[in-house]
Amino acid sequence: MVCNICWNYTILLYIPHPLVYISDGKYDKSMTKIAIIEDDPTINQMYRMKFEADGFEVELANNGKRGVAMVETFQPDIILLDMQMPEMDGPTALAEIRKHDWGKNIPVIILTNMGEEESPKALKSLGIHSYIVKADLTPSQVVGRVKDALANL
């Protein structure tokens, strides 16, 4: 292609945006929705950027109380949930989410710095999918675990 301004030959590269999928020749903006309920703003933003770059629609909440409200309206496909947060901790938030029809079947991955042996035993009865210690995995590995969880539903 020739540039109309400088009359030099130019090569145009088309790189599709990772957040837009093409289905039957049309743009489909539907994405996998993930709710991240985490009180650390740095971690929240880091995971937001990583998941959005991998094609997820992301919503964040910085405590369990806000997380419950967000999950009700956002209706995510999966939830990443921290254990220790202000206002309402992770186990309490999960119990509240599981009380409602809209929250009974959403897969939940616990993402925390607390070791699994330290976690409340009630978590298993609340139907968590898996348990991740933040310090053990990179953000890319966490995204991989989420994708694996979704693929195995």
# chains A, B, ... in the order shown; residues from 1 in each chain; ligands from 1

call {"tool": "closest_atom_pairs", "arguments": {"of": "range 36-110 of chain A", "to": "range 138-153 of chain A", "cutoff": "10 Å", "atoms": "only C-alpha atoms", "output": "JSON lines"}}
result
{"residue": "A:Ile43", "atom": "CA", "partner": "A:Pro139", "partner_atom": "CA", "distance": 9.5}
{"residue": "A:Met46", "atom": "CA", "partner": "A:Pro139", "partner_atom": "CA", "distance": 7.8}
{"residue": "A:Tyr47", "atom": "CA", "partner": "A:Pro139", "partner_atom": "CA", "distance": 6.6}
{"residue": "A:Met49", "atom": "CA", "partner": "A:Pro139", "partner_atom": "CA", "distance": 9.8}
{"residue": "A:Lys50", "atom": "CA", "partner": "A:Pro139", "partner_atom": "CA", "distance": 6.8}
{"residue": "A:Phe51", "atom": "CA", "partner": "A:Val143", "partner_atom": "CA", "distance": 6.6}
{"residue": "A:Asp54", "atom": "CA", "partner": "A:Val143", "partner_atom": "CA", "distance": 8.0}
{"residue": "A:Phe56", "atom": "CA", "partner": "A:Val143", "partner_atom": "CA", "distance": 9.8}
{"residue": "A:Asp77", "atom": "CA", "partner": "A:Leu150", "partner_atom": "CA", "distance": 8.2}
{"residue": "A:Ile78", "atom": "CA", "partner": "A:Leu150", "partner_atom": "CA", "distance": 7.7}
{"residue": "A:Ile79", "atom": "CA", "partner": "A:Val146", "partner_atom": "CA", "distance": 9.1}
{"residue": "A:Leu80", "atom": "CA", "partner": "A:Val146", "partner_atom": "CA", "distance": 8.6}
{"residue": "A:Pro107", "atom": "CA", "partner": "A:Ala149", "partner_atom": "CA", "distance": 8.1}
{"residue": "A:Val108", "atom": "CA", "partner": "A:Ala149", "partner_atom": "CA", "distance": 9.4}
{"residue": "A:Ile109", "atom": "CA", "partner": "A:Val146", "partner_atom": "CA", "distance": 7.9}

call {"tool": "write_last_selection", "arguments": {"atoms": "C-alpha atoms", "output": "PDB file, in the first residue's frame"}}
result
ATOM      1  CA  ILE A  43      -3.174  -7.172  43.576  1.00  0.00           C
ATOM      2  CA  MET A  46      -2.488  -6.627  38.625  1.00  0.00           C
ATOM      3  CA  TYR A  47      -5.040  -9.411  38.170  1.00  0.00           C
ATOM      4  CA  MET A  49      -4.783  -6.268  33.772  1.00  0.00           C
ATOM      5  CA  LYS A  50      -3.704  -9.906  33.389  1.00  0.00           C
ATOM      6  CA  PHE A  51      -7.213 -11.305  33.001  1.00  0.00           C
ATOM      7  CA  ASP A  54      -6.340 -12.791  28.307  1.00  0.00           C
ATOM      8  CA  PHE A  56     -11.836 -11.871  30.363  1.00  0.00           C
ATOM      9  CA  ASP A  77     -18.686 -17.258  35.300  1.00  0.00           C
ATOM     10  CA  ILE A  78     -16.074 -17.706  38.045  1.00  0.00           C
ATOM     11  CA  ILE A  79     -14.938 -15.945  41.240  1.00  0.00           C
ATOM     12  CA  LEU A  80     -11.456 -15.416  42.684  1.00  0.00           C
ATOM     13  CA  PRO A 107     -17.183 -21.873  40.690  1.00  0.00           C
ATOM     14  CA  VAL A 108     -15.023 -20.196  43.329  1.00  0.00           C
ATOM     15  CA  ILE A 109     -11.251 -20.311  43.558  1.00  0.00           C
TER      16      ILE A 109
END

call {"tool": "residues_around", "arguments": {"residues": "Pro76 in chain A", "least_positions_apart": "2", "cutoff": "9 Å", "atoms": "only C-alpha atoms", "output": "PyMOL selection string"}}
result
chain A and resi 32-35+57-59+71-74+78-79+106

call {"tool": "decode", "arguments": {"residues": "range 75-87 of chain A", "atoms": "N, CA and C atoms", "output": "PDB file, in the first residue's frame"}}
result
ATOM      1  N   GLN A  75     -23.026 -11.343  37.810  1.00  0.00           N
ATOM      2  CA  GLN A  75     -23.240 -12.738  37.435  1.00  0.00           C
ATOM      3  C   GLN A  75     -22.021 -13.334  36.716  1.00  0.00           C
ATOM      4  N   PRO A  76     -20.888 -13.420  37.424  1.00  0.00           N
ATOM      5  CA  PRO A  76     -19.665 -13.918  36.787  1.00  0.00           C
ATOM      6  C   PRO A  76     -19.723 -15.416  36.493  1.00  0.00           C
ATOM      7  N   ASP A  77     -18.835 -15.833  35.604  1.00  0.00           N
ATOM      8  CA  ASP A  77     -18.686 -17.258  35.300  1.00  0.00           C
ATOM      9  C   ASP A  77     -17.819 -17.949  36.345  1.00  0.00           C
ATOM     10  N   ILE A  78     -16.970 -17.172  37.027  1.00  0.00           N
ATOM     11  CA  ILE A  78     -16.074 -17.706  38.045  1.00  0.00           C
ATOM     12  C   ILE A  78     -15.680 -16.571  38.995  1.00  0.00           C
ATOM     13  N   ILE A  79     -15.321 -16.933  40.222  1.00  0.00           N
ATOM     14  CA  ILE A  79     -14.938 -15.945  41.240  1.00  0.00           C
ATOM     15  C   ILE A  79     -13.563 -16.307  41.791  1.00  0.00           C
ATOM     16  N   LEU A  80     -12.696 -15.294  41.912  1.00  0.00           N
ATOM     17  CA  LEU A  80     -11.456 -15.416  42.684  1.00  0.00           C
ATOM     18  C   LEU A  80     -11.719 -14.711  44.001  1.00  0.00           C
ATOM     19  N   LEU A  81     -11.543 -15.385  45.108  1.00  0.00           N
ATOM     20  CA  LEU A  81     -11.945 -14.852  46.403  1.00  0.00           C
ATOM     21  C   LEU A  81     -10.815 -14.914  47.415  1.00  0.00           C
ATOM     22  N   ASP A  82     -10.489 -13.763  47.990  1.00  0.00           N
ATOM     23  CA  ASP A  82      -9.506 -13.694  49.072  1.00  0.00           C
ATOM     24  C   ASP A  82     -10.183 -14.133  50.370  1.00  0.00           C
ATOM     25  N   MET A  83      -9.388 -14.577  51.318  1.00  0.00           N
ATOM     26  CA  MET A  83      -9.942 -15.043  52.589  1.00  0.00           C
ATOM     27  C   MET A  83     -10.059 -13.925  53.624  1.00  0.00           C
ATOM     28  N   GLN A  84      -8.990 -13.159  53.788  1.00  0.00           N
ATOM     29  CA  GLN A  84      -8.948 -12.163  54.852  1.00  0.00           C
ATOM     30  C   GLN A  84      -9.160 -10.771  54.260  1.00  0.00           C
ATOM     31  N   MET A  85     -10.327 -10.191  54.571  1.00  0.00           N
ATOM     32  CA  MET A  85     -10.686  -8.868  54.062  1.00  0.00           C
ATOM     33  C   MET A  85     -11.455  -8.102  55.131  1.00  0.00           C
ATOM     34  N   PRO A  86     -11.477  -6.778  55.005  1.00  0.00           N
ATOM     35  CA  PRO A  86     -12.278  -5.988  55.953  1.00  0.00           C
ATOM     36  C   PRO A  86     -13.780  -6.107  55.652  1.00  0.00           C
ATOM     37  N   GLU A  87     -14.568  -5.698  56.580  1.00  0.00           N
ATOM     38  CA  GLU A  87     -16.039  -5.679  56.531  1.00  0.00           C
ATOM     39  C   GLU A  87     -16.670  -7.053  56.500  1.00  0.00           C
TER      40      GLU A  87
END
